[in-house]
Every structure is written in structure tokens, then in C-alpha cells.
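Structure first, then comments.
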Protein chains: 2
Amino acid sequence: MRTRRDGRERVPPHPEVGAIGLQQVLEALVDPVRRGIVAELYASDRDISCGGFDVPVSRSTATHHFHVLREAGLIRQYYVGTSRMNALRREEFEAAFPGLLPALVGGRGRA
Amino acid sequence: MRTRRDGRERVPPHPEVGAIGLQQVLEALVDPVRRGIVAELYASDRDISCGGFDVPVSRSTATHHFHVLREAGLIRQYYVGTSRMNALRREEFEAAFPGLLPALVGGRGRA
DNA sequence: CCATAAGTACGATGGCTGTCAAACTTTGAT
DNA sequence: ATCAAAGTTTGACAGCCATCGTACTTATGG
């Protein structure tokens, strides 16, 4: 279905990575749960549904984290059936913040 | 003087960078005031006293920020007279967290 | 049509932390 | 000896945010 009862789009808008500041990105990635989500996506070559992550929080909290990550330009979300898929915005993000993702969720350096 | 009334050393101990986790580092660098301090040190080729930074907070708050940065292994502090000098632990930190400092306080990428 | 699966939205809550002012300490200069 | 400069420490406070449970929505399968 295209429109919903409350009028909101089912897939919320994604900001352009170029319009996002480093502060917002850091506030997103300082949370270990969110960093874990991004790390899983970074290490994977395919998109992952919200329920497909190994997160130690409730579903509603997980939704909150995905929201923050989306608003920070780190992930793109789209629906497949009832599942919401998450894709890492790799190249866009790397262009805007060079070296940041590798340094934070790449394998090199201390954890 | 070497020992103080309360017995504490005037220069508190500095942790080894190898004993610090990424989580602690990010919690230190997510604060814009602290990131500004580190950015000033990163762009400078000499150490800077606590009062020599351009920070928009009170002295006691600044002290708190320097404390956090020191505990996160980002700076080394030593006294010169009444002034407390701050040195960026550049190489040590780069070895432990490759690329992180340049990505966060280096000039490249979005602010 | 009904049940189930997968998320979302909303309110409430608890803990953390950045902030400041005030009092204090140490050092250096007069 | 005093005084000023530079930081520190402590306590208090306000705002934020991660978390959860509950209720709700949407889509799919029988």
C-alpha cells in the first residue's frame, strides 16, 4: 500500500549525506549497539533486515537505533514484505567522511 | 613541591593507550568542546596550556574536559610553573587507533 | 477472514554528563 | 610575607538519551 492511515509514508525520508555534520555522526556512532549494527553491515556484502542483527536490546529500542542511524546518513532503509532492510551507505559516507568508517568499524586498530 | 597536603600527586597518572578501548575514546571525542581541544592540538606543533585554548566554557568545566581527554589517552599533561601543559599523544594514539585522529580532527572531510 | 510475523509509535523512567559557582591549592612575582 | 595567576575539587543541577512495555500498523500465509 502506498499511503497509510496517519498519512505518513511507510519509508521515511533519508537525508543527504552532504547535509550531515560530524557531530551528528559521532553521536550516532558513540553508542555501542549502533556501532555494532554498522559493523555488521560493514563486514557484510548484503543488506540485513532489522531483525537480522545481533543486538542486546528490545525491538522498540532497536527501532530507535535504526532511526538514529538513518538520520545520521549511515544507512538506507527499504521494505521487503514486512521486513525492513538496512543498507550501509558506504560510498556516499566515505566521500563525506573519509576514513571514518574504516577507523571505527573496520578491523584495524583496537576495539 | 613533590607531595601535596592531600597526598595526591600533582600530576595524575596517565593510562597506557594500549589499555584503552574505542568506546572510551569515542565518548571523549563526541563532545564538541573536547574535539575542539584535540583539533587545536592536532593542528599545532607545540604543546598548549589549559588556558591557551579557545573554549566556550568555565575553567572548572575545562578542567573536567581535560580530565576526560587524559583518561582516554589522548593527551599528556605536565606542569610548567602554575600552567598545566597539554600534549597530544599523536604517535601512540595513531598506533592504537589508526586513522581515527585524522578522520575526526584532521582537515579532510565534512566538519 | 484470521493469525502471525515484523516493526513502529508513544509515554515513562532512570542514569549519565556537561555545566556552573564557590572554595581551595600551588606556584611565581612584588 | 603578600598577592595574583592558573587550575582543581566539590557539590548541585538540568537536560538528554537509552531503555522498556504496551498498543498499534502493515503485510503475508493458511
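If you're wondering about the labels, chains in the C-alpha cells are A, B, ... by order shown, residues count from 1 in each chain, ligands from 1 in order shown.
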With a distance threshold of 9 Å and counting only C-alpha atoms, extract the residues of chain B near chain A and express them as a list of chain:residue names. B:Gly18, B:Ile20, B:Gly21, B:Leu22, B:Gln23, B:Leu26, B:Glu27, B:Leu29, B:Val30, B:Asp31, B:Pro32, B:Glu94, B:Ala95, B:Ala96, B:Phe97, B:Pro98, B:Gly99, B:Leu100, B:Pro102, B:Ala103, B:Leu104, B:Arg108, B:Gly109, B:Arg110, B:Ala111
All Cα atoms, paired in order, least squares: that's the fit I need for chain B onto chain A, output as an mmCIF file with C-alpha atoms, in the first residue's frame.
```cif
data_model
loop_
_atom_site.group_PDB
_atom_site.id
_atom_site.type_symbol
_atom_site.label_atom_id
_atom_site.label_comp_id
_atom_site.auth_asym_id
_atom_site.auth_seq_id
_atom_site.Cartn_x
_atom_site.Cartn_y
_atom_site.Cartn_z
ATOM 1 C CA MET B 1 -0.222 0.110 0.145
ATOM 2 C CA ARG B 2 1.070 3.531 -0.653
ATOM 3 C CA THR B 3 -0.498 5.894 1.857
ATOM 4 C CA ARG B 4 -1.152 4.999 5.456
ATOM 5 C CA ARG B 5 -3.907 5.828 7.874
ATOM 6 C CA ASP B 6 -1.880 8.540 9.550
ATOM 7 C CA GLY B 7 -0.727 9.951 6.213
ATOM 8 C CA ARG B 8 2.952 9.239 6.813
ATOM 9 C CA GLU B 9 4.976 7.429 4.229
ATOM 10 C CA ARG B 10 5.927 3.954 5.215
ATOM 11 C CA VAL B 11 9.524 4.568 4.214
ATOM 12 C CA PRO B 12 10.638 7.790 5.886
ATOM 13 C CA PRO B 13 12.843 10.268 4.049
ATOM 14 C CA HIS B 14 16.573 9.820 4.003
ATOM 15 C CA PRO B 15 18.753 12.885 4.415
ATOM 16 C CA GLU B 16 21.578 13.589 2.013
ATOM 17 C CA VAL B 17 24.888 12.666 3.497
ATOM 18 C CA GLY B 18 26.292 15.990 2.394
ATOM 19 C CA ALA B 19 23.873 17.762 4.708
ATOM 20 C CA ILE B 20 25.024 15.949 7.823
ATOM 21 C CA GLY B 21 27.622 17.177 10.275
ATOM 22 C CA LEU B 22 30.334 15.227 12.000
ATOM 23 C CA GLN B 23 28.718 15.919 15.344
ATOM 24 C CA GLN B 24 25.571 14.043 14.385
ATOM 25 C CA VAL B 25 27.572 11.157 12.989
ATOM 26 C CA LEU B 26 29.595 10.821 16.167
ATOM 27 C CA GLU B 27 26.520 10.958 18.349
ATOM 28 C CA ALA B 28 25.177 8.100 16.270
ATOM 29 C CA LEU B 29 28.328 6.007 16.407
ATOM 30 C CA VAL B 30 29.199 6.542 20.050
ATOM 31 C CA ASP B 31 26.509 4.088 21.065
ATOM 32 C CA PRO B 32 27.940 0.559 21.105
ATOM 33 C CA VAL B 33 24.683 -1.004 19.930
ATOM 34 C CA ARG B 34 24.544 1.256 16.903
ATOM 35 C CA ARG B 35 28.235 0.784 16.214
ATOM 36 C CA GLY B 36 27.644 -2.941 16.323
ATOM 37 C CA ILE B 37 24.897 -2.630 13.748
ATOM 38 C CA VAL B 38 27.113 -0.609 11.456
ATOM 39 C CA ALA B 39 29.973 -3.042 12.003
ATOM 40 C CA GLU B 40 27.800 -5.957 10.955
ATOM 41 C CA LEU B 41 26.756 -4.113 7.828
ATOM 42 C CA TYR B 42 30.322 -3.080 7.132
ATOM 43 C CA ALA B 43 31.532 -6.655 7.314
ATOM 44 C CA SER B 44 28.670 -7.961 5.194
ATOM 45 C CA ASP B 45 28.272 -7.785 1.457
ATOM 46 C CA ARG B 46 24.499 -7.844 1.566
ATOM 47 C CA ASP B 47 21.767 -5.869 3.268
ATOM 48 C CA ILE B 48 20.352 -7.050 6.579
ATOM 49 C CA SER B 49 16.829 -6.851 7.936
ATOM 50 C CA CYS B 50 16.173 -5.156 11.255
ATOM 51 C CA GLY B 51 15.576 -8.494 12.906
ATOM 52 C CA GLY B 52 18.719 -9.964 11.414
ATOM 53 C CA PHE B 53 21.114 -8.179 13.716
ATOM 54 C CA ASP B 54 22.579 -9.470 16.913
ATOM 55 C CA VAL B 55 21.509 -6.699 19.250
ATOM 56 C CA PRO B 56 21.008 -6.996 23.026
ATOM 57 C CA VAL B 57 17.982 -4.708 23.211
ATOM 58 C CA SER B 58 14.239 -4.879 22.744
ATOM 59 C CA ARG B 59 12.593 -4.376 19.367
ATOM 60 C CA SER B 60 11.358 -0.915 20.166
ATOM 61 C CA THR B 61 14.813 0.144 21.258
ATOM 62 C CA ALA B 62 16.276 -1.348 18.094
ATOM 63 C CA THR B 63 13.812 0.692 16.060
ATOM 64 C CA HIS B 64 15.063 3.775 17.833
ATOM 65 C CA HIS B 65 18.668 2.929 16.973
ATOM 66 C CA PHE B 66 17.874 2.369 13.307
ATOM 67 C CA HIS B 67 16.122 5.700 13.288
ATOM 68 C CA VAL B 68 19.206 7.446 14.615
ATOM 69 C CA LEU B 69 21.458 5.700 12.117
ATOM 70 C CA ARG B 70 19.197 6.634 9.236
ATOM 71 C CA GLU B 71 19.010 10.277 10.311
ATOM 72 C CA ALA B 72 22.788 10.337 10.535
ATOM 73 C CA GLY B 73 23.048 9.210 6.931
ATOM 74 C CA LEU B 74 24.685 5.906 7.750
ATOM 75 C CA ILE B 75 22.057 3.515 6.494
ATOM 76 C CA ARG B 76 19.349 3.366 3.856
ATOM 77 C CA GLN B 77 16.151 1.526 4.629
ATOM 78 C CA TYR B 78 13.613 -0.095 2.330
ATOM 79 C CA TYR B 79 10.885 -2.637 2.749
ATOM 80 C CA VAL B 80 10.696 -6.199 1.549
ATOM 81 C CA GLY B 81 7.369 -7.539 2.685
ATOM 82 C CA THR B 82 7.107 -6.911 6.394
ATOM 83 C CA SER B 83 10.845 -6.822 6.766
ATOM 84 C CA ARG B 84 12.707 -3.580 6.751
ATOM 85 C CA MET B 85 16.057 -3.958 5.094
ATOM 86 C CA ASN B 86 19.104 -1.927 6.022
ATOM 87 C CA ALA B 87 21.879 -0.978 3.643
ATOM 88 C CA LEU B 88 25.097 0.750 4.592
ATOM 89 C CA ARG B 89 25.612 3.941 2.588
ATOM 90 C CA ARG B 90 29.224 3.057 2.079
ATOM 91 C CA GLU B 91 30.506 5.169 -0.802
ATOM 92 C CA GLU B 92 28.453 8.262 -0.021
ATOM 93 C CA PHE B 93 29.612 8.197 3.534
ATOM 94 C CA GLU B 94 33.218 7.559 2.677
ATOM 95 C CA ALA B 95 33.158 10.542 0.355
ATOM 96 C CA ALA B 96 31.769 12.816 3.057
ATOM 97 C CA PHE B 97 33.843 11.476 5.967
ATOM 98 C CA PRO B 98 36.953 9.856 4.531
ATOM 99 C CA GLY B 99 38.472 7.149 6.675
ATOM 100 C CA LEU B 100 35.926 7.415 9.435
ATOM 101 C CA LEU B 101 34.054 4.190 8.844
ATOM 102 C CA PRO B 102 37.164 2.049 8.459
ATOM 103 C CA ALA B 103 38.656 3.578 11.586
ATOM 104 C CA LEU B 104 35.553 2.935 13.661
ATOM 105 C CA VAL B 105 34.105 -0.336 12.455
ATOM 106 C CA GLY B 106 36.867 -1.679 10.247
ATOM 107 C CA GLY B 107 39.046 -4.404 11.641
ATOM 108 C CA ARG B 108 42.224 -2.381 12.156
ATOM 109 C CA GLY B 109 43.277 -0.889 15.455
ATOM 110 C CA ARG B 110 41.964 -1.508 18.939
ATOM 111 C CA ALA B 111 38.342 -2.358 19.517
#
```
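Near chain B, the residues of chain D that fall inside 8 Å (using only C-alpha atoms (C1' of nucleotides)) are DA5, DA6, DG7 and DT8 of chain D.
C1' of DT8 (chain C) sits 14.5 Å away from C1' of DC20 (chain D).
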DA12 (chain C) environment, 12 Å, only C-alpha atoms (C1' of nucleotides), sequence neighbours closer than 6 positions dropped, as an mmCIF file with N, CA and C atoms (P, O5', C5', C4', C3', O3' and C1' of nucleotides), in the first residue's frame:
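Now in part.cif:
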```cif
data_model
loop_
_atom_site.group_PDB
_atom_site.id
_atom_site.type_symbol
_atom_site.label_atom_id
_atom_site.label_comp_id
_atom_site.auth_asym_id
_atom_site.auth_seq_id
_atom_site.Cartn_x
_atom_site.Cartn_y
_atom_site.Cartn_z
ATOM 1 P P DT D 19 20.406 0.916 24.738
ATOM 2 O "O5'" DT D 19 19.112 0.570 25.574
ATOM 3 C "C5'" DT D 19 19.171 0.536 26.999
ATOM 4 C "C4'" DT D 19 17.778 0.451 27.595
ATOM 5 C "C3'" DT D 19 16.828 -0.483 26.855
ATOM 6 O "O3'" DT D 19 16.844 -1.774 27.440
ATOM 7 C "C1'" DT D 19 15.758 1.533 27.632
ATOM 8 P P DC D 20 16.063 -2.990 26.758
ATOM 9 O "O5'" DC D 20 14.591 -2.861 27.357
ATOM 10 C "C5'" DC D 20 14.442 -2.675 28.759
ATOM 11 C "C4'" DC D 20 13.005 -2.298 29.075
ATOM 12 C "C3'" DC D 20 11.995 -3.189 28.363
ATOM 13 O "O3'" DC D 20 11.324 -4.024 29.299
ATOM 14 C "C1'" DC D 20 11.426 -0.850 28.204
ATOM 15 P P DG D 21 10.379 -5.230 28.731
ATOM 16 O "O5'" DG D 21 8.918 -4.593 28.827
ATOM 17 C "C5'" DG D 21 8.530 -3.915 30.017
ATOM 18 C "C4'" DG D 21 7.155 -3.294 29.869
ATOM 19 C "C3'" DG D 21 6.107 -4.199 29.230
ATOM 20 O "O3'" DG D 21 4.836 -3.940 29.835
ATOM 21 C "C1'" DG D 21 6.409 -2.276 27.885
ATOM 22 P P DT D 22 3.643 -4.952 29.497
ATOM 23 O "O5'" DT D 22 2.659 -4.044 28.625
ATOM 24 C "C5'" DT D 22 2.494 -2.678 28.986
ATOM 25 C "C4'" DT D 22 1.789 -1.934 27.873
ATOM 26 C "C3'" DT D 22 0.776 -2.764 27.078
ATOM 27 O "O3'" DT D 22 -0.443 -2.054 26.995
ATOM 28 C "C1'" DT D 22 2.268 -1.666 25.620
#
```
Test item: chain C residues at most 9 Å from chain B, counting only C-alpha atoms (C1' of nucleotides), as a PyMOL selection string: chain C and resi 18-20+25-28
Taking N, CA and C atoms (P, O5', C5', C4', C3', O3' and C1' of nucleotides) for each residue, export the selection above as an mmCIF file, in the first residue's frame.
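Final file, again-v9.cif:
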```cif
data_model
loop_
_atom_site.group_PDB
_atom_site.id
_atom_site.type_symbol
_atom_site.label_atom_id
_atom_site.label_comp_id
_atom_site.auth_asym_id
_atom_site.auth_seq_id
_atom_site.Cartn_x
_atom_site.Cartn_y
_atom_site.Cartn_z
ATOM 1 P P DG C 18 30.125 14.785 28.965
ATOM 2 O "O5'" DG C 18 29.921 16.326 28.579
ATOM 3 C "C5'" DG C 18 28.708 16.714 28.000
ATOM 4 C "C4'" DG C 18 28.222 18.025 28.584
ATOM 5 C "C3'" DG C 18 29.303 19.071 28.818
ATOM 6 O "O3'" DG C 18 28.862 20.320 28.288
ATOM 7 C "C1'" DG C 18 28.064 18.737 30.794
ATOM 8 P P DT C 19 29.810 21.586 28.303
ATOM 9 O "O5'" DT C 19 29.330 22.402 29.570
ATOM 10 C "C5'" DT C 19 28.006 22.925 29.596
ATOM 11 C "C4'" DT C 19 27.670 23.470 30.958
ATOM 12 C "C3'" DT C 19 28.748 24.341 31.600
ATOM 13 O "O3'" DT C 19 28.582 25.687 31.209
ATOM 14 C "C1'" DT C 19 27.636 22.909 33.178
ATOM 15 P P DC C 20 29.682 26.785 31.633
ATOM 16 O "O5'" DC C 20 29.304 27.133 33.144
ATOM 17 C "C5'" DC C 20 27.986 27.564 33.444
ATOM 18 C "C4'" DC C 20 27.789 27.588 34.953
ATOM 19 C "C3'" DC C 20 28.822 28.442 35.683
ATOM 20 O "O3'" DC C 20 28.209 29.613 36.189
ATOM 21 C "C1'" DC C 20 28.484 26.312 36.747
ATOM 22 P P DT C 25 43.393 24.253 50.923
ATOM 23 O "O5'" DT C 25 44.286 24.111 49.623
ATOM 24 C "C5'" DT C 25 44.100 23.013 48.756
ATOM 25 C "C4'" DT C 25 45.151 23.006 47.658
ATOM 26 C "C3'" DT C 25 46.560 23.351 48.121
ATOM 27 O "O3'" DT C 25 47.471 22.471 47.487
ATOM 28 C "C1'" DT C 25 45.892 24.825 46.389
ATOM 29 P P DT C 26 48.934 22.234 48.132
ATOM 30 O "O5'" DT C 26 49.897 22.603 46.924
ATOM 31 C "C5'" DT C 26 49.484 22.311 45.596
ATOM 32 C "C4'" DT C 26 50.062 23.312 44.622
ATOM 33 C "C3'" DT C 26 51.477 23.789 44.964
ATOM 34 O "O3'" DT C 26 52.344 23.388 43.933
ATOM 35 C "C1'" DT C 26 50.073 25.597 44.309
ATOM 36 P P DT C 27 53.945 23.581 44.098
ATOM 37 O "O5'" DT C 27 54.225 24.881 43.210
ATOM 38 C "C5'" DT C 27 53.707 24.939 41.894
ATOM 39 C "C4'" DT C 27 53.793 26.348 41.338
ATOM 40 C "C3'" DT C 27 55.156 27.011 41.512
ATOM 41 O "O3'" DT C 27 55.641 27.360 40.239
ATOM 42 C "C1'" DT C 27 53.403 28.485 42.142
ATOM 43 P P DG C 28 57.146 27.909 40.047
ATOM 44 O "O5'" DG C 28 56.907 29.472 39.864
ATOM 45 C "C5'" DG C 28 55.992 29.896 38.854
ATOM 46 C "C4'" DG C 28 55.767 31.395 38.937
ATOM 47 C "C3'" DG C 28 57.038 32.246 39.052
ATOM 48 O "O3'" DG C 28 56.878 33.410 38.260
ATOM 49 C "C1'" DG C 28 55.626 32.694 40.875
#
```
Check chain A with DSSP on the backbone and list each residue it calls helix (DSSP H, G or I), as an NGL selection string. :A and (17-19 or 22-29 or 32-43 or 50-52 or 59-71 or 90-96 or 100-105)
Within chain A, find each residue whose DSSP state, derived from the backbone, is strand (DSSP E), and express the selection as a VMD selection string. chain A and resid 48 to 49 75 to 80 83 to 88
Could you write those residues out with C-alpha atoms, as a short mmCIF file (atom, residue, chain, number, x, y, z; two decimals), in the first residue's frame?
```
data_model
loop_
_atom_site.label_atom_id
_atom_site.label_comp_id
_atom_site.auth_asym_id
_atom_site.auth_seq_id
_atom_site.Cartn_x
_atom_site.Cartn_y
_atom_site.Cartn_z
CA ILE A 48 20.33 -7.05 6.57
CA SER A 49 16.81 -6.85 7.95
CA ILE A 75 22.04 3.51 6.48
CA ARG A 76 19.32 3.38 3.86
CA GLN A 77 16.13 1.54 4.65
CA TYR A 78 13.59 -0.08 2.36
CA TYR A 79 10.85 -2.62 2.78
CA VAL A 80 10.67 -6.18 1.59
CA SER A 83 10.85 -6.81 6.80
CA ARG A 84 12.70 -3.57 6.76
CA MET A 85 16.05 -3.96 5.10
CA ASN A 86 19.10 -1.92 6.02
CA ALA A 87 21.87 -0.97 3.64
CA LEU A 88 25.07 0.75 4.58
#
```
C1' of DA23 (chain C) and C1' of DA14 (chain D), how far apart in Å?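 Result for C1' of DA14 (chain D) versus C1' of DA23 (chain C): 22.7 Å, one decimal.
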Work out how far C1' of DA5 (chain C) is from C1' of DA18 (chain D), in Å to one decimal. 25.7 Å
